[in-house]
$ cat target-v9.cif   # mmCIF, C-alpha atoms and all ligand atoms
data_query
#
loop_
_atom_site.label_atom_id
_atom_site.label_comp_id
_atom_site.auth_asym_id
_atom_site.auth_seq_id
_atom_site.Cartn_x
_atom_site.Cartn_y
_atom_site.Cartn_z
CA MET A 63 -28.17 155.56 -8.98
CA LEU A 64 -26.12 152.86 -7.25
CA THR A 65 -23.19 153.65 -4.99
CA THR A 66 -19.80 152.19 -5.87
CA THR A 67 -20.19 149.54 -3.16
CA GLU A 68 -23.65 148.52 -4.33
CA ALA A 69 -22.43 148.31 -7.91
CA LEU A 70 -19.49 146.09 -6.99
CA ASP A 71 -21.72 143.86 -4.83
CA ARG A 72 -24.13 143.38 -7.73
CA VAL A 73 -21.32 142.59 -10.14
CA LEU A 74 -19.75 140.03 -7.81
CA ALA A 75 -23.08 138.37 -7.06
CA ALA A 76 -23.76 137.97 -10.79
CA MET A 77 -20.48 136.29 -11.68
CA PRO A 78 -20.64 132.68 -12.89
CA GLU A 79 -18.24 130.18 -11.30
CA LEU A 80 -15.68 128.99 -13.82
CA PRO A 81 -15.24 125.23 -14.06
CA VAL A 82 -12.14 123.33 -12.93
CA GLU A 83 -9.63 121.93 -15.39
CA SER A 84 -6.32 120.15 -15.10
CA VAL A 85 -3.40 122.46 -15.91
CA ALA A 86 0.18 121.37 -16.63
CA LEU A 87 2.68 122.61 -14.06
CA ARG A 88 4.41 124.86 -16.55
CA ASP A 89 1.15 126.65 -17.39
CA ALA A 90 -0.12 126.86 -13.81
CA HIS A 91 1.53 130.09 -12.70
CA GLY A 92 -1.11 132.80 -12.23
CA ARG A 93 -4.04 130.39 -12.32
CA VAL A 94 -6.36 129.91 -9.34
CA LEU A 95 -5.75 126.60 -7.53
CA ARG A 96 -8.87 124.50 -6.99
CA GLN A 97 -7.49 121.52 -5.09
CA VAL A 98 -5.51 120.72 -1.95
CA VAL A 99 -1.84 120.10 -2.62
CA ALA A 100 -0.55 117.53 -0.11
CA ALA A 101 3.03 116.51 0.60
CA GLU A 102 4.13 113.49 -1.39
CA ARG A 103 6.84 112.62 1.17
CA ASP A 104 8.28 113.75 4.48
CA GLN A 105 10.28 116.98 4.18
CA PRO A 106 13.18 116.51 4.42
CA PRO A 107 12.62 112.95 3.18
CA PHE A 108 15.70 111.74 5.16
CA ASP A 109 17.94 113.18 7.89
CA ARG A 110 19.64 115.74 5.68
CA VAL A 111 23.22 116.87 6.18
CA MET A 112 23.50 120.68 6.21
CA MET A 113 27.28 121.18 5.93
CA ASP A 114 30.18 119.84 3.90
CA GLY A 115 32.44 118.00 6.37
CA ILE A 116 32.56 114.63 8.08
CA ALA A 117 29.88 112.50 9.69
CA ILE A 118 30.88 110.73 12.91
CA ALA A 119 29.24 109.00 15.85
CA HIS A 120 29.05 111.49 18.71
CA ARG A 121 29.76 108.65 21.15
CA ASP A 122 33.29 108.38 19.61
CA PHE A 123 33.87 112.07 20.32
CA THR A 124 32.67 111.80 23.96
CA ASN A 125 34.93 108.77 24.36
CA GLY A 126 37.86 111.02 23.46
CA THR A 127 38.45 110.26 19.76
CA ARG A 128 39.77 113.28 17.80
CA ARG A 129 41.37 111.52 14.83
CA PHE A 130 39.02 109.65 12.52
CA PRO A 131 40.14 107.47 9.58
CA VAL A 132 38.01 108.43 6.57
CA GLN A 133 35.97 105.38 5.60
CA CYS A 134 34.62 106.75 2.30
CA THR A 135 32.93 109.77 0.72
CA GLN A 136 29.16 110.14 0.48
CA MET A 137 27.74 112.75 -1.91
CA ALA A 138 24.25 114.26 -2.06
CA GLY A 139 22.14 111.72 -3.92
CA ASP A 140 24.13 108.71 -2.70
CA PRO A 141 22.34 106.15 -0.54
CA ALA A 142 23.27 106.30 3.16
CA VAL A 143 26.43 104.33 3.96
CA GLU A 144 26.87 102.46 7.24
CA LEU A 145 29.48 104.19 9.40
CA ALA A 146 32.00 101.91 11.13
CA PRO A 147 32.91 102.55 14.81
CA GLY A 148 35.72 105.10 15.29
CA LYS A 149 35.62 106.23 11.66
CA ALA A 150 34.34 109.23 9.71
CA ILE A 151 32.55 109.51 6.40
CA GLU A 152 33.40 112.50 4.27
CA ILE A 153 29.99 114.03 3.62
CA MET A 154 28.48 116.76 1.40
CA THR A 155 25.63 119.22 2.03
CA GLY A 156 22.31 117.67 1.01
CA ALA A 157 23.46 114.08 1.59
CA SER A 158 21.48 111.61 3.65
CA LEU A 159 22.98 111.09 7.13
CA PRO A 160 25.05 107.86 7.18
CA VAL A 161 23.66 105.00 9.25
CA ASN A 162 25.12 105.11 12.83
CA ALA A 163 26.23 108.77 12.42
CA ASP A 164 24.62 111.50 14.53
CA CYS A 165 27.12 114.35 14.31
CA ILE A 166 28.49 116.51 11.51
CA VAL A 167 31.78 118.36 11.83
CA PRO A 168 32.15 121.11 9.19
CA VAL A 169 35.09 120.90 6.81
CA GLU A 170 36.35 124.24 8.21
CA ARG A 171 36.91 122.58 11.61
CA ILE A 172 39.03 119.61 10.49
CA THR A 173 42.30 118.82 8.72
CA VAL A 174 42.50 115.78 6.50
CA ASP A 175 45.89 114.20 6.04
CA GLN A 176 46.68 110.78 4.56
CA GLY A 177 43.10 109.64 4.88
CA VAL A 178 42.66 110.71 8.51
CA ALA A 179 40.45 113.62 9.61
CA THR A 180 41.63 115.43 12.74
CA LEU A 181 39.32 117.78 14.62
CA ASP A 182 40.65 121.29 15.39
CA GLU A 183 42.13 121.65 18.87
CA GLY A 184 39.35 122.42 21.33
CA TYR A 185 36.49 121.93 18.82
CA GLU A 186 33.39 120.80 20.72
CA ALA A 187 31.39 118.46 18.47
CA GLU A 188 27.65 118.50 19.20
CA ALA A 189 25.24 115.66 18.52
CA ALA A 190 22.48 116.48 15.98
CA ARG A 191 24.22 119.70 14.95
CA PHE A 192 24.00 120.49 11.19
CA ILE A 193 21.41 117.75 10.67
CA HIS A 194 17.99 118.73 9.29
CA PRO A 195 15.84 115.92 10.72
CA ARG A 196 13.51 113.91 8.51
CA ALA A 197 9.93 115.32 8.45
CA SER A 198 10.89 118.36 10.56
CA ASP A 199 9.39 120.72 7.92
CA HIS A 200 6.33 118.58 7.32
CA ALA A 201 5.20 114.95 7.22
CA ALA A 202 4.03 113.07 4.12
CA GLY A 203 0.35 113.84 3.47
CA SER A 204 0.40 117.29 5.12
CA ARG A 205 -1.72 119.95 3.48
CA LEU A 206 0.70 122.34 1.79
CA LEU A 207 -1.61 124.54 -0.32
CA ALA A 208 -5.33 125.18 0.03
CA PRO A 209 -7.72 125.81 -2.87
CA GLY A 210 -8.53 129.39 -3.87
CA ARG A 211 -5.06 130.87 -4.10
CA ARG A 212 -3.53 132.38 -7.20
CA ILE A 213 -0.55 130.17 -7.95
CA SER A 214 2.70 132.09 -7.38
CA PRO A 215 6.21 131.07 -8.46
CA LEU A 216 6.75 129.89 -4.85
CA ASP A 217 3.64 127.74 -5.06
CA ILE A 218 5.06 126.20 -8.24
CA ALA A 219 8.04 125.04 -6.15
CA VAL A 220 5.67 123.47 -3.61
CA ILE A 221 3.60 121.75 -6.32
CA ALA A 222 6.71 120.41 -8.06
CA SER A 223 8.07 119.20 -4.71
CA ALA A 224 4.82 117.29 -4.21
CA GLY A 225 5.70 115.39 -7.38
CA MET A 226 2.73 116.74 -9.35
CA THR A 227 3.01 117.37 -13.08
CA SER A 228 -0.40 119.08 -13.22
CA VAL A 229 -2.92 120.68 -10.86
CA ASP A 230 -6.64 121.39 -10.82
CA ALA A 231 -7.20 125.09 -11.47
CA SER A 232 -10.05 127.30 -12.62
CA ARG A 233 -10.43 127.42 -16.36
CA SER A 234 -9.31 130.83 -17.63
CA PRO A 235 -12.32 132.99 -18.43
CA VAL A 236 -12.96 133.57 -22.12
CA VAL A 237 -13.06 137.35 -22.30
CA ARG A 238 -13.89 139.50 -25.32
CA VAL A 239 -12.94 143.17 -25.32
CA ILE A 240 -14.97 145.28 -27.75
CA SER A 241 -14.23 148.92 -28.57
CA THR A 242 -17.15 150.79 -30.11
CA GLY A 243 -16.97 154.10 -31.97
CA ASN A 244 -16.99 155.36 -35.55
CA GLU A 245 -14.15 157.74 -34.79
CA LEU A 246 -11.69 155.08 -33.69
CA VAL A 247 -8.75 153.94 -35.82
CA ALA A 248 -6.30 151.32 -34.59
CA ALA A 249 -2.56 151.90 -34.50
CA GLY A 250 -0.99 150.93 -37.81
CA GLU A 251 -3.95 152.11 -39.90
CA ASP A 252 -4.16 155.41 -41.82
CA ILE A 253 -5.90 158.10 -39.80
CA GLU A 254 -7.73 161.33 -40.76
CA PRO A 255 -7.58 164.58 -38.78
CA HIS A 256 -11.12 164.07 -37.41
CA GLN A 257 -10.44 160.54 -36.19
CA VAL A 258 -9.10 159.22 -32.89
CA ARG A 259 -6.60 156.46 -32.16
CA LEU A 260 -8.18 153.41 -30.58
CA SER A 261 -6.40 152.90 -27.25
CA ASN A 262 -8.93 151.46 -24.80
CA GLY A 263 -8.93 147.97 -26.31
CA PRO A 264 -5.18 147.36 -26.05
CA ALA A 265 -5.04 149.08 -22.63
CA ILE A 266 -7.85 146.91 -21.24
CA GLN A 267 -6.20 143.79 -22.67
CA ALA A 268 -2.94 144.76 -20.96
CA LEU A 269 -4.66 145.48 -17.65
CA LEU A 270 -6.36 142.09 -17.79
CA ALA A 271 -3.04 140.42 -18.61
CA ARG A 272 -1.40 142.09 -15.62
CA HIS A 273 -4.06 140.59 -13.36
CA GLY A 274 -3.70 137.07 -14.74
CA TYR A 275 -5.94 136.98 -17.84
CA PRO A 276 -3.54 137.18 -20.77
CA ASP A 277 -5.51 135.83 -23.74
CA CYS A 278 -8.46 138.17 -24.28
CA GLU A 279 -9.39 138.87 -27.89
CA HIS A 280 -10.30 142.35 -29.08
CA ASP A 281 -12.77 143.58 -31.68
CA HIS A 282 -13.63 147.07 -32.93
CA LEU A 283 -17.20 147.86 -33.96
CA VAL A 284 -18.60 151.03 -35.49
CA ASP A 285 -21.77 152.56 -34.05
CA GLU A 286 -24.37 150.74 -36.18
CA ARG A 287 -27.22 149.00 -34.42
CA ALA A 288 -27.46 145.98 -36.73
CA LEU A 289 -23.71 145.40 -36.72
CA LEU A 290 -23.51 145.80 -32.93
CA ARG A 291 -26.36 143.32 -32.48
CA GLU A 292 -24.84 140.73 -34.72
CA ARG A 293 -21.23 140.99 -33.53
CA ILE A 294 -21.93 141.32 -29.80
CA SER A 295 -24.25 138.28 -30.06
CA ALA A 296 -21.50 136.31 -31.73
CA HIS A 297 -19.03 137.27 -29.02
CA LEU A 298 -21.55 136.36 -26.31
CA ASP A 299 -21.87 132.89 -27.79
CA GLU A 300 -18.17 132.33 -27.24
CA ALA A 301 -17.42 134.24 -24.06
CA ASP A 302 -17.84 134.09 -20.29
CA VAL A 303 -17.26 137.82 -20.01
CA VAL A 304 -17.73 140.63 -22.54
CA ILE A 305 -16.21 144.04 -21.91
CA LEU A 306 -17.41 146.86 -24.16
CA SER A 307 -16.09 150.38 -24.19
CA GLY A 308 -17.97 153.39 -25.51
CA GLY A 309 -21.56 153.99 -26.49
CA VAL A 310 -23.18 153.96 -23.04
CA SER A 311 -23.69 157.70 -22.48
CA MET A 312 -26.44 160.04 -23.69
CA GLY A 313 -25.19 160.59 -27.25
CA LYS A 314 -27.28 159.86 -30.33
CA ALA A 315 -24.97 157.01 -31.35
CA ASP A 316 -24.79 155.50 -27.86
CA TYR A 317 -26.66 152.35 -28.85
CA VAL A 318 -24.96 149.86 -26.56
CA PRO A 319 -27.57 149.58 -23.74
CA ASP A 320 -30.45 149.24 -26.25
CA VAL A 321 -28.61 146.71 -28.35
CA LEU A 322 -27.67 144.64 -25.31
CA ALA A 323 -31.32 144.56 -24.20
CA GLU A 324 -32.36 143.50 -27.73
CA ILE A 325 -30.03 140.51 -27.71
CA GLY A 326 -31.23 139.32 -24.33
CA VAL A 327 -28.67 140.77 -21.96
CA GLU A 328 -30.54 141.67 -18.80
CA VAL A 329 -29.54 144.99 -17.29
CA SER A 330 -28.40 144.96 -13.68
CA PHE A 331 -27.54 148.65 -13.49
CA HIS A 332 -26.76 151.67 -15.61
CA ARG A 333 -24.75 154.47 -13.98
CA ILE A 334 -22.87 154.54 -10.71
CA SER A 335 -22.49 157.56 -8.43
CA GLN A 336 -18.81 158.00 -9.19
CA ARG A 337 -16.43 160.06 -11.24
CA PRO A 338 -14.87 159.11 -13.54
CA GLY A 339 -16.97 156.28 -14.95
CA LYS A 340 -20.51 157.32 -14.02
CA PRO A 341 -22.17 155.99 -17.22
CA MET A 342 -21.03 152.39 -16.67
CA TRP A 343 -23.56 149.68 -17.53
CA PHE A 344 -23.63 146.07 -16.33
CA GLY A 345 -25.83 143.10 -17.14
CA THR A 346 -26.08 139.34 -17.53
CA GLY A 347 -26.32 137.53 -20.86
CA PRO A 348 -28.75 134.71 -21.71
CA GLY A 349 -26.12 132.11 -20.83
CA GLY A 350 -25.05 133.80 -17.58
CA GLN A 351 -22.27 135.80 -19.25
CA ALA A 352 -21.18 138.94 -17.44
CA VAL A 353 -21.43 141.98 -19.72
CA PHE A 354 -19.61 145.14 -18.76
CA ALA A 355 -20.22 148.22 -20.89
CA LEU A 356 -17.66 150.81 -19.85
CA PRO A 357 -17.73 154.47 -20.81
CA GLY A 358 -15.45 155.24 -23.77
CA ASN A 359 -13.47 157.97 -22.07
CA PRO A 360 -10.11 156.31 -21.55
CA VAL A 361 -9.67 157.28 -17.89
CA SER A 362 -13.22 156.13 -17.12
CA ALA A 363 -12.78 152.87 -19.03
CA LEU A 364 -9.57 151.98 -17.18
CA VAL A 365 -10.86 152.93 -13.73
CA CYS A 366 -14.08 150.95 -14.28
CA CYS A 367 -12.12 147.97 -15.59
CA ARG A 368 -9.83 147.97 -12.57
CA GLN A 369 -12.61 148.67 -10.08
CA TYR A 370 -15.29 146.24 -11.29
CA VAL A 371 -14.03 143.88 -14.00
CA ILE A 372 -10.82 142.73 -12.29
CA PRO A 373 -12.50 141.76 -8.97
CA ALA A 374 -15.28 140.10 -10.97
CA LEU A 375 -12.84 137.92 -12.91
CA ALA A 376 -11.10 136.98 -9.66
CA LYS A 377 -14.44 136.01 -8.10
CA ALA A 378 -15.37 133.90 -11.14
CA SER A 379 -11.98 132.19 -10.91
CA GLY A 380 -12.56 131.26 -7.28
CA ALA A 381 -9.92 133.62 -5.88
CA PRO A 382 -10.70 135.33 -2.58
CA ALA A 383 -11.30 139.09 -2.63
CA ALA A 384 -8.04 141.02 -2.51
CA PRO A 385 -7.47 142.51 0.96
CA PRO A 386 -8.05 146.26 1.08
CA GLU A 387 -5.04 148.52 0.68
CA PHE A 388 -4.68 151.96 2.18
CA ALA A 389 -2.61 155.03 1.46
CA SER A 390 -2.23 158.43 3.02
CA LEU A 391 -3.01 161.49 0.89
CA ALA A 392 0.17 163.45 0.28
CA SER A 393 -1.72 166.74 -0.31
CA ASP A 394 -5.18 168.23 0.19
CA VAL A 395 -7.83 167.24 -2.34
CA ALA A 396 -11.14 169.02 -2.88
CA PHE A 397 -13.96 167.27 -4.72
CA GLN A 398 -17.39 168.94 -4.60
CA PRO A 399 -19.81 166.72 -6.59
CA ASP A 400 -21.97 164.31 -4.61
CA LEU A 401 -20.14 161.37 -6.17
CA THR A 402 -17.38 158.99 -5.12
CA CYS A 403 -14.16 160.28 -6.63
CA PHE A 404 -11.55 157.86 -7.97
CA GLN A 405 -8.46 160.05 -7.93
CA PRO A 406 -5.41 158.79 -9.88
CA VAL A 407 -2.26 158.88 -7.76
CA ARG A 408 1.44 158.29 -7.86
CA LEU A 409 2.80 156.38 -4.86
CA VAL A 410 5.90 157.00 -2.79
CA SER A 411 6.84 155.40 0.50
CA SER A 412 7.89 157.61 3.40
CA ALA A 413 10.83 156.97 5.73
CA ALA A 414 8.20 156.36 8.43
CA GLY A 415 6.97 153.36 6.44
CA GLN A 416 3.80 154.98 5.12
CA VAL A 417 2.48 154.71 1.57
CA LEU A 418 1.86 158.26 0.36
CA ALA A 419 -0.54 158.93 -2.53
CA ILE A 420 0.32 161.97 -4.62
CA PRO A 421 -2.75 163.08 -6.61
CA VAL A 422 -2.07 163.35 -10.36
CA LYS A 423 -4.35 165.68 -12.23
CA THR A 424 -6.08 164.37 -15.34
CA ASN A 425 -7.59 167.38 -17.08
CA THR A 426 -10.68 165.51 -18.23
CA SER A 427 -11.69 161.88 -18.17
CA GLY A 428 -10.22 161.80 -21.68
CA ASP A 429 -6.78 162.94 -20.55
CA PHE A 430 -5.29 159.52 -20.23
CA THR A 431 -1.66 160.25 -21.06
CA ALA A 432 -1.33 161.64 -17.50
CA LEU A 433 -2.32 158.18 -16.23
CA SER A 434 1.03 156.76 -17.32
CA ALA A 435 2.61 158.59 -14.40
CA THR A 436 0.25 156.95 -11.90
CA ASP A 437 0.40 153.70 -9.95
CA GLY A 438 -3.32 153.48 -9.27
CA TYR A 439 -6.08 155.58 -7.79
CA VAL A 440 -7.59 156.28 -4.40
CA GLU A 441 -11.26 156.32 -3.43
CA LEU A 442 -12.59 159.55 -1.94
CA PRO A 443 -16.02 158.88 -0.41
CA ARG A 444 -18.97 160.95 -1.58
CA GLU A 445 -20.07 162.07 1.89
CA GLN A 446 -17.11 164.43 2.06
CA SER A 447 -15.80 167.18 -0.22
CA LEU A 448 -12.51 168.15 1.42
CA PHE A 449 -9.81 165.59 2.03
CA PRO A 450 -6.85 167.02 3.94
CA ALA A 451 -3.30 165.74 3.46
CA GLY A 452 -2.78 162.73 5.73
CA THR A 453 -6.30 161.33 5.22
CA SER A 454 -6.20 157.53 4.99
CA VAL A 455 -7.99 156.33 1.86
CA PHE A 456 -8.59 153.09 -0.03
CA LEU A 457 -5.93 152.49 -2.66
CA TYR A 458 -6.33 150.49 -5.86
CA ARG A 459 -3.18 149.78 -7.82
CA TRP A 460 -3.40 149.40 -11.58
P1 LIG B 1 -18.19 157.39 -25.82
O1 LIG B 1 -18.33 156.81 -24.43
O2 LIG B 1 -18.40 156.38 -26.87
O3 LIG B 1 -19.06 158.58 -25.97
O4 LIG B 1 -16.71 157.88 -25.95
C1 LIG B 1 -16.24 158.95 -25.14
C2 LIG B 1 -14.92 159.45 -25.61
O5 LIG B 1 -13.93 158.45 -25.46
C3 LIG B 1 -14.87 159.87 -27.05
O6 LIG B 1 -14.10 161.04 -27.14
C4 LIG B 1 -14.18 158.74 -27.72
O7 LIG B 1 -13.50 159.13 -28.87
C5 LIG B 1 -13.24 158.23 -26.68
N1 LIG B 1 -13.07 156.81 -26.88
C6 LIG B 1 -14.05 155.90 -26.92
N2 LIG B 1 -13.57 154.68 -27.13
C7 LIG B 1 -12.23 154.81 -27.21
C8 LIG B 1 -11.16 153.89 -27.44
N3 LIG B 1 -11.38 152.58 -27.60
N4 LIG B 1 -9.91 154.38 -27.45
C9 LIG B 1 -9.68 155.69 -27.27
N5 LIG B 1 -10.65 156.59 -27.05
C10 LIG B 1 -11.90 156.18 -27.04
MG MG B 2 -18.72 156.38 -28.84
#
$ encode --input "target-v9.cif" --output "structure tokens" --more "lines below"
Ligand code: AMP
Ligand code: MG
Amino acid sequence: MLTTTEALDRVLAAMPELPVESVALRDAHGRVLRQVVAAERDQPPFDRVMMDGIAIAHRDFTNGTRRFPVQCTQMAGDPAVELAPGKAIEIMTGASLPVNADCIVPVERITVDQGVATLDEGYEAEAARFIHPRASDHAAGSRLLAPGRRISPLDIAVIASAGMTSVDASRSPVVRVISTGNELVAAGEDIEPHQVRLSNGPAIQALLARHGYPDCEHDHLVDERALLRERISAHLDEADVVILSGGVSMGKADYVPDVLAEIGVEVSFHRISQRPGKPMWFGTGPGGQAVFALPGNPVSALVCCRQYVIPALAKASGAPAAPPEFASLASDVAFQPDLTCFQPVRLVSSAAGQVLAIPVKTNTSGDFTALSATDGYVELPREQSLFPAGTSVFLYRW
């Protein structure tokens, strides 16, 4: 049986690389950038005034001038006016520095009367003060964003400032989520006492959406070999990634691994030395599709989705692996089996600046309502069985 690390390595190595497409700026948030974004112009593009006030020539101040006739007013967006000797131009924040001016005096430090601006008694005007020099942030052509980052709202500002209406980004993966099980009935449909509400499909869709993959279709299939063969094949024809839940354990109706083999999905592994989620299955379809078959137990399905599917989708999209996160156990945890334990936790931050993980008990791997109170889970390595409070552990947030 593979360890959790071996399983993740195999999954990542098997992921196809999604192609690049051009994405309109307004749809680019959350996508993975696949090009360099370079500065269209110098930033600032001109010597930019940083205060409302007057623009003067500092030489006039050093020569003793304190009263400056106001030549005109220049707003942000106006072309730079040429300043006449001994005069001032009334100037607004964001305006381009007038020609011949090299000093801004803030409006708070002057009085304007009958078209003449007088500096406050004793005010020491400084050359270059309150001027944001052209190209001091970056020069035209500078590399602003590198490929491989997930585009954030701040990146959108950078892309827009580079004058781009679209960017090259990874195509979103086409993902199909398939819930299997005769007992499952979706919300909104009539349900019998012996049946179970289908929750994994919508939960997996929501988890994928949270991580940047919002448009994943869902299907529900009953445990019938012929139907599973036909429908999973059809989904494979359309998808880059197929995520099944249920039907991978030892039950008599757990047909999923057999059916996947029959339709040409090559198994990479079945079972991982972990709890929850030990029965997980993974393989590669005839067209290179990644096929994840997660255990049906809701806690297992969600942990496996977060642990393996999310990093796999990021890899396929060209995003770098997320840096590891750590938390400190808030209480002792004992876990005897020779398996890696993924322990759901609630997080609090301590006054000392530590992230504390409070273990939240799920009675069984089917007790998923308790998961709502959690922020993620921590990884307790299999070599150990007692984890004292204060132990530093890997943290995975939902
Ligand atoms: P299985 O892995 O198919 O044996 O399913 C294990 C358990 O998880 C069973 O109790 C199922 O009823 C439950 N289960 C499986 N799939 C789902 C689902 N999509 N939503 C909610 N519970 C499920
Ligand atoms: Mg089942």
$ closest_residue --input "target-v9.cif" --among "A:Ser241, A:Gln105, A:Thr135, A:Ser393" --to "His200 in chain A" --atoms "all atoms listed in the file"
A:Gln105
$ closest_residue --input "target-v9.cif" --among "A:Ile118, A:Val229, A:Ala268, A:Met112" --to "Ile193 in chain A" --atoms "only C-alpha atoms"
A:Met112
$ residues_near_ligand --input "target-v9.cif" --ligand "ligand MG 2 (chain B)" --cutoff "6 Å" --atoms "only C-alpha atoms and all ligand atoms" --output "ChimeraX atom specification"
/A:242-243,308-309
$ residues_near_ligand --input "target-v9.cif" --ligand "ligand LIG 1 (chain B)" --cutoff "7 Å" --atoms "all atoms listed in the file" --output "list in words"
Ser241, Thr242, Gly243, Glu245, Leu246, Val258, Arg259, Leu260, Ser261, Asn262, Gly263, Ser307, Gly308, Gly309, Val310, Ser311, Gly313, Asp316, Pro357, Gly358, Asn359, Pro360 and Gly428 of chain A
$ write_last_selection --input "target-v9.cif" --atoms "C-alpha atoms" --output "PDB file, in the frame of the given file"
ATOM      1  CA  SER A 241     -14.230 148.920 -28.570  1.00  0.00           C
ATOM      2  CA  THR A 242     -17.150 150.790 -30.110  1.00  0.00           C
ATOM      3  CA  GLY A 243     -16.970 154.100 -31.970  1.00  0.00           C
ATOM      4  CA  GLU A 245     -14.150 157.740 -34.790  1.00  0.00           C
ATOM      5  CA  LEU A 246     -11.690 155.080 -33.690  1.00  0.00           C
ATOM      6  CA  VAL A 258      -9.100 159.220 -32.890  1.00  0.00           C
ATOM      7  CA  ARG A 259      -6.600 156.460 -32.160  1.00  0.00           C
ATOM      8  CA  LEU A 260      -8.180 153.410 -30.580  1.00  0.00           C
ATOM      9  CA  SER A 261      -6.400 152.900 -27.250  1.00  0.00           C
ATOM     10  CA  ASN A 262      -8.930 151.460 -24.800  1.00  0.00           C
ATOM     11  CA  GLY A 263      -8.930 147.970 -26.310  1.00  0.00           C
ATOM     12  CA  SER A 307     -16.090 150.380 -24.190  1.00  0.00           C
ATOM     13  CA  GLY A 308     -17.970 153.390 -25.510  1.00  0.00           C
ATOM     14  CA  GLY A 309     -21.560 153.990 -26.490  1.00  0.00           C
ATOM     15  CA  VAL A 310     -23.180 153.960 -23.040  1.00  0.00           C
ATOM     16  CA  SER A 311     -23.690 157.700 -22.480  1.00  0.00           C
ATOM     17  CA  GLY A 313     -25.190 160.590 -27.250  1.00  0.00           C
ATOM     18  CA  ASP A 316     -24.790 155.500 -27.860  1.00  0.00           C
ATOM     19  CA  PRO A 357     -17.730 154.470 -20.810  1.00  0.00           C
ATOM     20  CA  GLY A 358     -15.450 155.240 -23.770  1.00  0.00           C
ATOM     21  CA  ASN A 359     -13.470 157.970 -22.070  1.00  0.00           C
ATOM     22  CA  PRO A 360     -10.110 156.310 -21.550  1.00  0.00           C
ATOM     23  CA  GLY A 428     -10.220 161.800 -21.680  1.00  0.00           C
TER      24      GLY A 428
END
$ residues_around --input "target-v9.cif" --residues "Phe192 in chain A" --least-positions-apart "5" --cutoff "7 Å" --atoms "all atoms listed in the file" --output "count of residues only"
4
$ closest_residue --input "target-v9.cif" --among "A:His256, A:Arg88, A:His332, A:Lys340" --to "Ile221 in chain A" --atoms "all atoms listed in the file"
A:Arg88
$ closest_atom_pairs --input "target-v9.cif" --of "range 296-401 of chain A" --to "range 415-422 of chain A" --cutoff "10 Å" --atoms "all atoms listed in the file" --output "JSON lines"
{"residue": "A:Glu387", "atom": "CA", "partner": "A:Val417", "partner_atom": "CA", "distance": 9.8}
{"residue": "A:Phe388", "atom": "CA", "partner": "A:Val417", "partner_atom": "CA", "distance": 7.7}
{"residue": "A:Ala389", "atom": "CA", "partner": "A:Val417", "partner_atom": "CA", "distance": 5.1}
{"residue": "A:Ser390", "atom": "CA", "partner": "A:Leu418", "partner_atom": "CA", "distance": 4.9}
{"residue": "A:Leu391", "atom": "CA", "partner": "A:Ala419", "partner_atom": "CA", "distance": 4.9}
{"residue": "A:Ala392", "atom": "CA", "partner": "A:Ile420", "partner_atom": "CA", "distance": 5.1}
{"residue": "A:Ser393", "atom": "CA", "partner": "A:Ile420", "partner_atom": "CA", "distance": 6.7}
{"residue": "A:Asp394", "atom": "CA", "partner": "A:Pro421", "partner_atom": "CA", "distance": 8.9}
{"residue": "A:Val395", "atom": "CA", "partner": "A:Pro421", "partner_atom": "CA", "distance": 7.8}
$ closest_atom_pairs --input "target-v9.cif" --of "range 116-217 of chain A" --to "range 273-276 of chain A" --cutoff "12 Å" --atoms "only C-alpha atoms" --output "Markdown table"
| residue | atom | partner | partner_atom | distance |
| --- | --- | --- | --- | --- |
| A:Arg212 | CA | A:Gly274 | CA | 8.9 |
| A:Ile213 | CA | A:Gly274 | CA | 10.2 |
| A:Ser214 | CA | A:Gly274 | CA | 11.0 |
$ axis_aligned_box --input "target-v9.cif" --around "range 84-88 of chain A" --padding-each-side "4 Å" --output "AutoDock Vina command-line options"
--center_x -1.0 --center_y 122.5 --center_z -15.3 --size_x 18.7 --size_y 12.7 --size_z 10.6
$ closest_residue --input "target-v9.cif" --among "A:Ile218, A:Asp437, A:Ala355, A:Pro373" --to "Asp71 in chain A" --atoms "only C-alpha atoms"
A:Pro373
$ residues_around --input "target-v9.cif" --residues "Thr180 in chain A" --least-positions-apart "2" --cutoff "8 Å" --atoms "only C-alpha atoms" --output "list in words"
Arg128, Arg129, Phe130, Ile172, Thr173, Val174, Val178 and Asp182 of chain A
$ residues_around --input "target-v9.cif" --residues "range 347-349 of chain A" --least-positions-apart "5" --cutoff "9 Å" --atoms "all atoms listed in the file" --output "JSON, numbers by chain"
{"A": [298, 299, 302, 322, 325, 326, 327, 328, 329]}
$ write_last_selection --input "target-v9.cif" --atoms "C-alpha atoms" --output "mmCIF file, keeping the file's coordinate frame"
data_model
loop_
_atom_site.group_PDB
_atom_site.id
_atom_site.type_symbol
_atom_site.label_atom_id
_atom_site.label_comp_id
_atom_site.auth_asym_id
_atom_site.auth_seq_id
_atom_site.Cartn_x
_atom_site.Cartn_y
_atom_site.Cartn_z
ATOM 1 C CA LEU A 298 -21.550 136.360 -26.310
ATOM 2 C CA ASP A 299 -21.870 132.890 -27.790
ATOM 3 C CA ASP A 302 -17.840 134.090 -20.290
ATOM 4 C CA LEU A 322 -27.670 144.640 -25.310
ATOM 5 C CA ILE A 325 -30.030 140.510 -27.710
ATOM 6 C CA GLY A 326 -31.230 139.320 -24.330
ATOM 7 C CA VAL A 327 -28.670 140.770 -21.960
ATOM 8 C CA GLU A 328 -30.540 141.670 -18.800
ATOM 9 C CA VAL A 329 -29.540 144.990 -17.290
#
